[in-house]
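Structure file final_10.cif (mmCIF, C-alpha atoms) is printed below.
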```cif
data_work
loop_
_atom_site.group_PDB
_atom_site.id
_atom_site.type_symbol
_atom_site.label_atom_id
_atom_site.label_comp_id
_atom_site.auth_asym_id
_atom_site.auth_seq_id
_atom_site.Cartn_x
_atom_site.Cartn_y
_atom_site.Cartn_z
ATOM 1 C CA MET N 1 26.232 -2.164 -25.670
ATOM 2 C CA SER N 2 22.903 -4.021 -25.665
ATOM 3 C CA LEU N 3 21.222 -5.216 -22.480
ATOM 4 C CA PRO N 4 21.367 -8.933 -21.609
ATOM 5 C CA PRO N 5 18.022 -10.720 -22.096
ATOM 6 C CA GLY N 6 15.624 -10.732 -19.160
ATOM 7 C CA LEU N 7 12.975 -8.734 -17.332
ATOM 8 C CA TYR N 8 13.787 -5.214 -16.109
ATOM 9 C CA ILE N 9 11.324 -3.685 -13.614
ATOM 10 C CA VAL N 10 11.700 0.072 -14.046
ATOM 11 C CA ALA N 11 10.282 2.721 -11.693
ATOM 12 C CA THR N 12 9.172 5.878 -13.510
ATOM 13 C CA PRO N 13 8.349 9.407 -12.257
ATOM 14 C CA ILE N 14 5.125 10.011 -10.323
ATOM 15 C CA GLY N 15 5.157 13.679 -11.328
ATOM 16 C CA ASN N 16 8.177 15.614 -12.530
ATOM 17 C CA LEU N 17 9.760 13.738 -15.452
ATOM 18 C CA SER N 18 13.187 14.850 -14.240
ATOM 19 C CA ASP N 19 12.782 12.393 -11.354
ATOM 20 C CA LEU N 20 13.657 9.568 -13.774
ATOM 21 C CA SER N 21 17.007 8.182 -12.652
ATOM 22 C CA PRO N 22 19.960 7.929 -15.065
ATOM 23 C CA HIS N 23 19.896 4.154 -14.533
ATOM 24 C CA ALA N 24 16.214 3.955 -15.495
ATOM 25 C CA ALA N 25 16.816 6.160 -18.549
ATOM 26 C CA LYS N 26 19.636 3.862 -19.685
ATOM 27 C CA ILE N 27 17.509 0.730 -19.335
ATOM 28 C CA LEU N 28 14.581 2.262 -21.198
ATOM 29 C CA SER N 29 16.897 3.522 -23.945
ATOM 30 C CA GLU N 30 18.431 0.084 -24.506
ATOM 31 C CA ALA N 31 15.482 -2.270 -23.888
ATOM 32 C CA ASP N 32 14.346 -4.325 -26.865
ATOM 33 C CA LEU N 33 10.717 -4.016 -25.756
ATOM 34 C CA ILE N 34 8.837 -2.048 -23.082
ATOM 35 C CA ALA N 35 5.672 -3.487 -21.517
ATOM 36 C CA VAL N 36 3.453 -0.508 -20.658
ATOM 37 C CA GLU N 37 0.114 0.363 -19.051
ATOM 38 C CA ASP N 38 -0.595 3.133 -21.557
ATOM 39 C CA SER N 39 1.666 3.701 -24.560
ATOM 40 C CA ARG N 40 0.693 7.392 -24.704
ATOM 41 C CA VAL N 41 1.993 7.993 -21.199
ATOM 42 C CA THR N 42 5.229 6.080 -21.731
ATOM 43 C CA ALA N 43 5.771 7.740 -25.124
ATOM 44 C CA LYS N 44 5.921 11.129 -23.356
ATOM 45 C CA LEU N 45 8.543 9.779 -20.960
ATOM 46 C CA LEU N 46 10.614 8.346 -23.810
ATOM 47 C CA ALA N 47 10.362 11.657 -25.670
ATOM 48 C CA HIS N 48 11.669 13.386 -22.532
ATOM 49 C CA ILE N 49 14.873 11.323 -22.725
ATOM 50 C CA GLY N 50 14.985 11.537 -26.523
ATOM 51 C CA VAL N 51 14.465 7.914 -27.523
ATOM 52 C CA LYS N 52 11.917 5.720 -29.276
ATOM 53 C CA ARG N 53 11.525 2.067 -28.341
ATOM 54 C CA PRO N 54 9.017 -0.678 -29.242
ATOM 55 C CA MET N 55 6.142 -0.864 -26.732
ATOM 56 C CA THR N 56 3.483 -3.475 -25.997
ATOM 57 C CA PRO N 57 0.404 -3.111 -23.752
ATOM 58 C CA TYR N 58 0.427 -4.974 -20.435
ATOM 59 C CA HIS N 59 -2.393 -4.091 -18.046
ATOM 60 C CA ASP N 60 -5.331 -5.503 -16.042
ATOM 61 C CA HIS N 61 -7.461 -6.200 -19.100
ATOM 62 C CA ASN N 62 -4.949 -8.169 -21.190
ATOM 63 C CA ALA N 63 -2.329 -9.436 -18.717
ATOM 64 C CA ASP N 64 -3.418 -13.089 -18.593
ATOM 65 C CA ARG N 65 -3.609 -13.282 -22.378
ATOM 66 C CA VAL N 66 -0.281 -11.651 -23.280
ATOM 67 C CA ARG N 67 1.876 -12.815 -20.345
ATOM 68 C CA PRO N 68 3.034 -16.170 -21.818
ATOM 69 C CA GLY N 69 4.177 -14.575 -25.070
ATOM 70 C CA LEU N 70 5.919 -11.757 -23.237
ATOM 71 C CA ILE N 71 7.834 -14.205 -21.049
ATOM 72 C CA GLY N 72 8.766 -16.218 -24.130
ATOM 73 C CA GLN N 73 10.470 -13.148 -25.607
ATOM 74 C CA MET N 74 12.557 -12.628 -22.470
ATOM 75 C CA ALA N 75 14.777 -15.584 -23.395
ATOM 76 C CA GLU N 76 16.279 -13.514 -26.209
ATOM 77 C CA LYS N 77 15.221 -9.920 -25.491
ATOM 78 C CA ALA N 78 15.589 -7.343 -22.746
ATOM 79 C CA VAL N 79 11.996 -6.539 -21.757
ATOM 80 C CA ALA N 80 11.363 -3.534 -19.502
ATOM 81 C CA LEU N 81 8.180 -3.332 -17.406
ATOM 82 C CA VAL N 82 6.825 0.110 -16.495
ATOM 83 C CA SER N 83 3.601 1.473 -15.033
ATOM 84 C CA ASP N 84 2.134 4.855 -15.904
ATOM 85 C CA ALA N 85 3.767 6.313 -12.789
ATOM 86 C CA GLY N 86 5.870 5.037 -9.916
ATOM 87 C CA THR N 87 7.128 1.540 -9.159
ATOM 88 C CA PRO N 88 5.571 -1.352 -11.101
ATOM 89 C CA LEU N 89 3.757 -4.079 -9.130
ATOM 90 C CA ILE N 90 2.359 -1.534 -6.622
ATOM 91 C CA SER N 91 -1.417 -1.752 -7.256
ATOM 92 C CA ASP N 92 -1.014 -3.261 -10.737
ATOM 93 C CA PRO N 93 -0.862 -6.826 -12.186
ATOM 94 C CA GLY N 94 2.923 -6.951 -12.573
ATOM 95 C CA TYR N 95 3.612 -9.477 -9.813
ATOM 96 C CA LYS N 96 2.257 -12.342 -11.923
ATOM 97 C CA LEU N 97 4.700 -11.440 -14.687
ATOM 98 C CA VAL N 98 7.594 -11.590 -12.211
ATOM 99 C CA ARG N 99 6.321 -14.863 -10.717
ATOM 100 C CA ASP N 100 5.967 -16.606 -14.067
ATOM 101 C CA ALA N 101 9.222 -15.150 -15.425
ATOM 102 C CA ARG N 102 11.093 -16.509 -12.405
ATOM 103 C CA ALA N 103 9.464 -19.916 -12.882
ATOM 104 C CA ALA N 104 10.664 -19.863 -16.508
ATOM 105 C CA GLY N 105 14.243 -19.177 -15.425
ATOM 106 C CA VAL N 106 14.292 -15.590 -16.722
ATOM 107 C CA SER N 107 16.890 -13.192 -15.316
ATOM 108 C CA ILE N 108 15.045 -10.469 -13.350
ATOM 109 C CA HIS N 109 16.359 -7.020 -12.419
ATOM 110 C CA THR N 110 14.773 -4.044 -10.648
ATOM 111 C CA VAL N 111 15.571 -0.391 -11.213
ATOM 112 C CA ALA N 112 14.511 1.364 -8.027
ATOM 113 C CA GLY N 113 12.852 4.752 -8.047
ATOM 114 C CA PRO N 114 9.714 6.747 -7.174
ATOM 115 C CA CYS N 115 6.747 5.282 -5.287
ATOM 116 C CA ALA N 116 3.751 7.456 -4.372
ATOM 117 C CA ALA N 117 3.011 5.478 -1.178
ATOM 118 C CA ILE N 118 6.491 6.034 0.259
ATOM 119 C CA ALA N 119 6.628 9.651 -0.928
ATOM 120 C CA ALA N 120 3.319 10.405 0.832
ATOM 121 C CA LEU N 121 4.559 8.728 4.005
ATOM 122 C CA THR N 122 7.533 11.097 4.075
ATOM 123 C CA LEU N 123 5.206 14.096 3.696
ATOM 124 C CA ALA N 124 2.601 13.105 6.298
ATOM 125 C CA GLY N 125 4.561 13.640 9.506
ATOM 126 C CA LEU N 126 3.187 10.380 10.955
ATOM 127 C CA PRO N 127 5.120 7.399 12.400
ATOM 128 C CA THR N 128 7.242 5.672 9.762
ATOM 129 C CA ASP N 129 8.748 2.813 11.781
ATOM 130 C CA ARG N 130 5.880 0.458 10.861
ATOM 131 C CA PHE N 131 3.366 0.941 8.058
ATOM 132 C CA LEU N 132 0.837 -1.045 6.035
ATOM 133 C CA PHE N 133 0.031 -0.370 2.373
ATOM 134 C CA LEU N 134 -3.629 -1.057 1.543
ATOM 135 C CA GLY N 135 -3.822 -0.023 -2.111
ATOM 136 C CA PHE N 136 -7.379 0.963 -3.095
ATOM 137 C CA LEU N 137 -10.218 0.078 -0.695
ATOM 138 C CA PRO N 138 -13.349 -1.543 -2.211
ATOM 139 C CA ALA N 139 -15.747 0.899 -3.870
ATOM 140 C CA LYS N 140 -18.922 -0.549 -2.295
ATOM 141 C CA ALA N 141 -19.705 0.711 1.204
ATOM 142 C CA GLY N 142 -20.234 -2.700 2.819
ATOM 143 C CA ALA N 143 -17.048 -4.249 1.442
ATOM 144 C CA ARG N 144 -15.119 -1.106 2.302
ATOM 145 C CA ALA N 145 -16.332 -1.178 5.921
ATOM 146 C CA THR N 146 -15.344 -4.849 6.203
ATOM 147 C CA ALA N 147 -11.861 -4.144 4.847
ATOM 148 C CA ILE N 148 -11.393 -1.294 7.329
ATOM 149 C CA ALA N 149 -12.600 -3.429 10.247
ATOM 150 C CA GLU N 150 -10.001 -6.058 9.377
ATOM 151 C CA ILE N 151 -7.112 -3.623 9.915
ATOM 152 C CA ALA N 152 -8.570 -1.441 12.688
ATOM 153 C CA SER N 153 -6.383 -2.965 15.401
ATOM 154 C CA VAL N 154 -3.139 -2.987 13.396
ATOM 155 C CA ARG N 155 -0.581 -0.861 15.219
ATOM 156 C CA ALA N 156 0.906 0.744 12.140
ATOM 157 C CA THR N 157 0.509 3.807 9.949
ATOM 158 C CA LEU N 158 -1.857 3.019 7.064
ATOM 159 C CA ILE N 159 -1.276 4.103 3.453
ATOM 160 C CA LEU N 160 -3.908 3.868 0.725
ATOM 161 C CA TYR N 161 -4.683 5.235 -2.711
ATOM 162 C CA GLU N 162 -7.939 6.928 -3.650
ATOM 163 C CA SER N 163 -9.602 8.967 -6.386
ATOM 164 C CA GLY N 164 -10.808 12.517 -5.840
ATOM 165 C CA SER N 165 -14.470 11.645 -6.345
ATOM 166 C CA ARG N 166 -14.368 8.970 -3.613
ATOM 167 C CA LEU N 167 -12.033 10.732 -1.189
ATOM 168 C CA ALA N 168 -14.624 12.194 1.194
ATOM 169 C CA ALA N 169 -16.607 8.958 1.430
ATOM 170 C CA THR N 170 -13.455 6.954 2.108
ATOM 171 C CA LEU N 171 -12.292 9.384 4.800
ATOM 172 C CA ALA N 172 -15.729 9.202 6.445
ATOM 173 C CA ALA N 173 -15.600 5.392 6.381
ATOM 174 C CA LEU N 174 -12.091 5.433 7.852
ATOM 175 C CA GLY N 175 -13.269 7.709 10.648
ATOM 176 C CA GLU N 176 -16.193 5.437 11.431
ATOM 177 C CA GLY N 177 -14.107 2.263 11.368
ATOM 178 C CA LEU N 178 -10.852 3.478 12.921
ATOM 179 C CA GLY N 179 -11.819 6.405 15.125
ATOM 180 C CA ASP N 180 -10.679 9.987 14.643
ATOM 181 C CA ARG N 181 -6.953 9.451 14.115
ATOM 182 C CA ASP N 182 -4.350 11.882 12.788
ATOM 183 C CA ALA N 183 -4.105 11.674 9.012
ATOM 184 C CA ALA N 184 -2.849 13.341 5.852
ATOM 185 C CA VAL N 185 -4.017 13.644 2.265
ATOM 186 C CA ALA N 186 -1.199 14.051 -0.253
ATOM 187 C CA ARG N 187 -1.958 14.731 -3.892
ATOM 188 C CA GLU N 188 -0.122 15.546 -7.111
ATOM 189 C CA ILE N 189 3.182 14.525 -5.516
ATOM 190 C CA SER N 190 6.211 15.875 -7.408
ATOM 191 C CA LYS N 191 3.959 17.931 -9.693
ATOM 192 C CA LYS N 192 3.360 21.675 -9.967
ATOM 193 C CA PHE N 193 0.328 21.697 -7.653
ATOM 194 C CA GLU N 194 1.643 19.265 -5.033
ATOM 195 C CA GLU N 195 -0.306 19.573 -1.790
ATOM 196 C CA THR N 196 -0.327 17.799 1.561
ATOM 197 C CA VAL N 197 -3.143 18.553 4.012
ATOM 198 C CA THR N 198 -2.996 17.218 7.565
ATOM 199 C CA GLY N 199 -5.569 16.966 10.347
ATOM 200 C CA THR N 200 -7.786 14.366 11.944
ATOM 201 C CA VAL N 201 -9.687 11.963 9.712
ATOM 202 C CA ALA N 202 -12.957 13.787 10.546
ATOM 203 C CA GLU N 203 -11.469 17.186 9.724
ATOM 204 C CA LEU N 204 -10.212 15.954 6.376
ATOM 205 C CA ALA N 205 -13.553 14.303 5.569
ATOM 206 C CA ASP N 206 -15.299 17.631 6.224
ATOM 207 C CA ARG N 207 -12.760 19.542 4.145
ATOM 208 C CA TYR N 208 -13.304 17.422 1.051
ATOM 209 C CA ALA N 209 -17.029 16.680 1.483
ATOM 210 C CA ASP N 210 -18.131 19.412 -0.925
ATOM 211 C CA ALA N 211 -14.866 19.974 -2.775
ATOM 212 C CA PRO N 212 -13.443 16.763 -4.245
ATOM 213 C CA PRO N 213 -9.842 17.415 -5.307
ATOM 214 C CA LYS N 214 -8.242 16.518 -8.617
ATOM 215 C CA GLY N 215 -5.121 14.497 -9.242
ATOM 216 C CA GLU N 216 -3.434 11.407 -7.851
ATOM 217 C CA ILE N 217 -4.240 11.023 -4.137
ATOM 218 C CA VAL N 218 -2.646 9.138 -1.250
ATOM 219 C CA ILE N 219 -4.262 8.930 2.211
ATOM 220 C CA VAL N 220 -2.016 8.319 5.222
ATOM 221 C CA VAL N 221 -3.615 7.463 8.590
ATOM 222 C CA GLY N 222 -1.721 7.274 11.869
ATOM 223 C CA PRO N 223 -1.717 4.181 14.112
ATOM 224 C CA PRO N 224 -4.192 3.758 16.979
ATOM 225 C CA GLY N 225 -3.341 5.274 20.340
ATOM 226 C CA GLU N 226 -2.115 3.165 23.203
ATOM 227 C CA ALA N 227 -4.842 0.914 24.588
ATOM 228 C CA GLU N 228 -5.961 1.758 28.108
ATOM 229 C CA ALA N 229 -4.540 -0.712 30.633
ATOM 230 C CA ALA N 230 -7.020 -3.196 32.065
ATOM 231 C CA SER N 231 -8.116 -2.397 35.638
ATOM 232 C CA ASP N 232 -8.277 -4.940 38.480
ATOM 233 C CA THR N 233 -12.045 -4.923 38.074
ATOM 234 C CA ASP N 234 -11.711 -5.743 34.372
ATOM 235 C CA ILE N 235 -9.376 -8.631 35.148
ATOM 236 C CA ASP N 236 -11.627 -10.031 37.891
ATOM 237 C CA THR N 237 -14.734 -9.800 35.723
ATOM 238 C CA ALA N 238 -13.016 -11.579 32.859
ATOM 239 C CA LEU N 239 -11.614 -14.262 35.141
ATOM 240 C CA ARG N 240 -14.948 -14.984 36.826
ATOM 241 C CA GLU N 241 -16.588 -15.481 33.456
ATOM 242 C CA ALA N 242 -13.757 -17.631 32.134
ATOM 243 C CA MET N 243 -13.673 -19.828 35.260
ATOM 244 C CA THR N 244 -17.293 -20.801 34.726
ATOM 245 C CA ARG N 245 -16.027 -22.650 31.631
ATOM 246 C CA LEU N 246 -12.383 -23.442 32.341
ATOM 247 C CA SER N 247 -9.957 -24.421 35.064
ATOM 248 C CA ALA N 248 -8.175 -21.579 36.865
ATOM 249 C CA SER N 249 -5.003 -22.221 34.871
ATOM 250 C CA ARG N 250 -6.713 -22.208 31.477
ATOM 251 C CA ALA N 251 -8.911 -19.259 32.415
ATOM 252 C CA ALA N 252 -5.819 -17.280 33.408
ATOM 253 C CA ALA N 253 -4.137 -18.134 30.104
ATOM 254 C CA GLU N 254 -7.176 -17.008 28.114
ATOM 255 C CA VAL N 255 -7.596 -13.728 30.011
ATOM 256 C CA ALA N 256 -3.871 -12.960 29.929
ATOM 257 C CA GLU N 257 -3.844 -13.319 26.140
ATOM 258 C CA THR N 258 -7.022 -11.281 25.676
ATOM 259 C CA LEU N 259 -5.915 -8.402 27.897
ATOM 260 C CA GLY N 260 -2.226 -8.518 27.021
ATOM 261 C CA LEU N 261 -1.081 -9.219 30.577
ATOM 262 C CA PRO N 262 1.565 -11.529 32.089
ATOM 263 C CA ARG N 263 0.108 -15.007 32.531
ATOM 264 C CA ARG N 264 1.639 -15.519 35.990
ATOM 265 C CA THR N 265 0.076 -12.292 37.304
ATOM 266 C CA VAL N 266 -3.373 -13.259 36.043
ATOM 267 C CA TYR N 267 -3.025 -16.816 37.378
ATOM 268 C CA GLU N 268 -2.245 -15.513 40.864
ATOM 269 C CA ARG N 269 -5.353 -13.342 40.627
ATOM 270 C CA ALA N 270 -7.401 -16.362 39.546
ATOM 271 C CA LEU N 271 -6.204 -18.390 42.544
ATOM 272 C CA ALA N 272 -7.158 -15.541 44.896
ATOM 273 C CA LEU N 273 -10.644 -15.392 43.399
ATOM 274 C CA LYS N 274 -11.037 -19.152 43.526
#
```
What does the file become when written as structure tokens?
Amino acid sequence: MSLPPGLYIVATPIGNLSDLSPHAAKILSEADLIAVEDSRVTAKLLAHIGVKRPMTPYHDHNADRVRPGLIGQMAEKAVALVSDAGTPLISDPGYKLVRDARAAGVSIHTVAGPCAAIAALTLAGLPTDRFLFLGFLPAKAGARATAIAEIASVRATLILYESGSRLAATLAALGEGLGDRDAAVAREISKKFEETVTGTVAELADRYADAPPKGEIVIVVGPPGEAEAASDTDIDTALREAMTRLSASRAAAEVAETLGLPRRTVYERALALK
């Protein structure tokens, strides 16, 4: 039975080819066309399940040019979208294909499966209740530092991708911008030489400074520690400064928001100072 026309977003293995789900194998076996990052990589996966299907390149360098034609085919064909490894749209240009396909009225389906970011999170032993995926940080030092500064106060575990050659520099930048938090480096997930190393950001930066690792790498960094509660002196100092510019009520509101304190408590303090 052939697949109905539409777009099928198919997650593929990040390591062991046996991680491909039966559902994903069925979709790939029956798709009329598979949009791929690298046909050589996808050909190996198709050979693993014993099928051959038509493939067309869809990646950063040609996406804008080929997208309209690809969406046009979805009216009559079942088109599967895959990345070289893991779930499409995670650090690749696939979201624009989904956006434009939806605008064109195309039926869209997802076939859930492996994702390196989530797999690394499960290996890291760090809080999982709230996390932020950052993809790849900028390569240039200044832009990288700015990006890190923007998320330094986020109370969540951070997940990012990196290459082996840049790993030590990125860990050093994370340590400088975030402080020496608990972290993990997971690489070659679901492959023969899978490895997860844990420690503080500084310890991991030292470990990889002279020995850049090979393979696909995910960095996981724990959230910041609890902020130290503001003292009475801190509150009074902030209020005195604020009341040189604002009324007691507005000064109390500003200080309460800045220090994360109840507004009524700070207002009472402001009245006492006044």
Using all atoms listed in the file, can you tell me which of N:Leu273, N:Leu97, N:Ala147, N:Ala169 comes closest to N:Leu134?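 Among N:Leu273, N:Leu97, N:Ala147, N:Ala169, it is N:Ala147 that comes nearest to N:Leu134.
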Output check: residues returned by the PyMOL selection byres ((chain N and resi 59) around 9), as a list in words: Ala35, Val36, Glu37, Asp38, Pro57, Tyr58, Asp60, His61, Asn62, Ala63, Ser83, Asp92, Pro93 and Gly94 of chain N
Could you state which residues are captured by the PyMOL selection byres ((chain N and resi 198-201) around 6) in this file, as a short mmCIF file (atom, residue, chain, number, x, y, z; two decimals) with C-alpha atoms, in the coordinates of the input?
```cif
data_model
loop_
_atom_site.label_atom_id
_atom_site.label_comp_id
_atom_site.auth_asym_id
_atom_site.auth_seq_id
_atom_site.Cartn_x
_atom_site.Cartn_y
_atom_site.Cartn_z
CA GLY N 175 -13.27 7.71 10.65
CA ASP N 180 -10.68 9.99 14.64
CA ARG N 181 -6.95 9.45 14.12
CA ASP N 182 -4.35 11.88 12.79
CA ALA N 183 -4.11 11.67 9.01
CA ALA N 184 -2.85 13.34 5.85
CA VAL N 197 -3.14 18.55 4.01
CA ALA N 202 -12.96 13.79 10.55
CA GLU N 203 -11.47 17.19 9.72
CA LEU N 204 -10.21 15.95 6.38
#
```
Selection near N:Ser153, 9 Å with all atoms listed in the file, sequence-local residues under 4 positions removed, as JSON, numbers by chain: {"N": [149, 178, 223, 224]}
Residue nearest N:Ala173 among N:Ile159, N:Val82, N:Ala152, N:Tyr267 (counting all atoms listed in the file):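 Looking only at the distances to N:Ala173, the closest residue turns out to be N:Ala152.
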